[in-house]
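Down below is the structure, laid out as structure tokens.
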Amino acid sequence: MTTSDIDESVRAELNQLRQSIDNIDAAVVHMLAERFKCTQQVGHLKAAHHLPPADPDRESRQIARLRQLAESAHLDPAFAEKLLNFIVAEVIRHHERIADESANGTGAAGA
């Protein structure tokens, strides 16, 4: 069965739910973009003060905090942790690049 074979009211409800999903996906992308703008600033601050790109203590606290938030939101905490670990790995990669650029004098001024 395809979506063209289903009742019109079911198709309308499906389309409405999918539109909501699309809106949420757009919001998630924009929220991640804002998050990465902030973490880029953190990376530049760390590089300027010769701080390490990773902060395992902060990451542990964030994971515990996110797991609690996930539980209260009825989201699988393991999924939330995997998502945060993925994001943190990307942030650390950016911080390492920023530190390398700063050390080599190749970073964009004021970025």
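Residue numbering restarts at 1 in every chain; chains get A, B, ... in the order shown in the structure tokens, and ligands count up from 1 in that same order.
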
>> List the spatial neighbours of A:Val91 as a count of residues only - criterion: any atom at most 8 Å away, only C-alpha atoms, same-chain residues fewer than 6 positions off excluded.
In response: 3

> Out of chain A, which residues get alpha helix (DSSP H) from DSSP, as a PyMOL selection string?
Replying inline: chain A and resi 8-48+56-72+77-104

>> Using only C-alpha atoms, which protein or nucleic acid residues come within 12 Å of stretch 54-60 of chain A? Drop anything in the same chain fewer than 5 positions from it, and give the result as a list in words.
In response: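 Answer for this query is Thr39, Val42, Gly43, Lys46, Ala47, Arg65, Leu66, Arg67, Glu81, Leu84, Asn85, Phe86, Ile87, Val88, Ala89, Glu90, Val91, Ile92, Arg93, His94, His95, Glu96 and Ala99 of chain A.
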
Take the selection from the previous step and output its residues with C-alpha atoms, as a JSON list (two decimals), in the first residue's frame.
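Output file again-v1.json is given in full below:
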[["chain", "number", "residue", "atom", "x", "y", "z"],
["A", 39, "THR", "CA", 30.94, 26.85, 20.76],
["A", 42, "VAL", "CA", 34.39, 29.14, 23.19],
["A", 43, "GLY", "CA", 37.00, 27.62, 20.86],
["A", 46, "LYS", "CA", 40.23, 28.60, 24.66],
["A", 47, "ALA", "CA", 42.80, 29.07, 21.90],
["A", 65, "ARG", "CA", 22.25, 16.95, 32.81],
["A", 66, "LEU", "CA", 21.04, 15.95, 29.36],
["A", 67, "ARG", "CA", 20.11, 12.44, 30.52],
["A", 81, "GLU", "CA", 23.59, 10.84, 25.32],
["A", 84, "LEU", "CA", 25.31, 14.88, 22.75],
["A", 85, "ASN", "CA", 28.45, 12.75, 22.32],
["A", 86, "PHE", "CA", 28.20, 13.25, 18.55],
["A", 87, "ILE", "CA", 27.80, 17.01, 18.97],
["A", 88, "VAL", "CA", 30.63, 17.26, 21.51],
["A", 89, "ALA", "CA", 32.98, 15.31, 19.23],
["A", 90, "GLU", "CA", 32.26, 17.82, 16.46],
["A", 91, "VAL", "CA", 32.79, 20.75, 18.84],
["A", 92, "ILE", "CA", 36.14, 19.34, 19.97],
["A", 93, "ARG", "CA", 37.16, 18.88, 16.33],
["A", 94, "HIS", "CA", 36.32, 22.55, 15.72],
["A", 95, "HIS", "CA", 38.22, 23.63, 18.85],
["A", 96, "GLU", "CA", 41.28, 21.66, 17.73],
["A", 99, "ALA", "CA", 43.73, 26.05, 18.25]]

> Pick the closest to A:Asp100 from A:Lys37, A:Leu69, A:Asp25, A:Pro53: which is it, counting only C-alpha atoms?
Replying inline: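 Looking at the shortest contact to A:Asp100, the residue is A:Pro53.
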
> With only C-alpha atoms as the atoms that count, which of A:Ala73, A:Ala48, A:Ala80, A:Gln62 lies nearest to A:Ala103?
Replying inline: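 With only C-alpha atoms as the atom set, the closest residue is A:Ala48.
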
> Suppose you want the space between atom CA of A:His49 and atom CA of A:Ala64; what is it in Å?
Replying inline: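 A separation of 27.4 Å between them.
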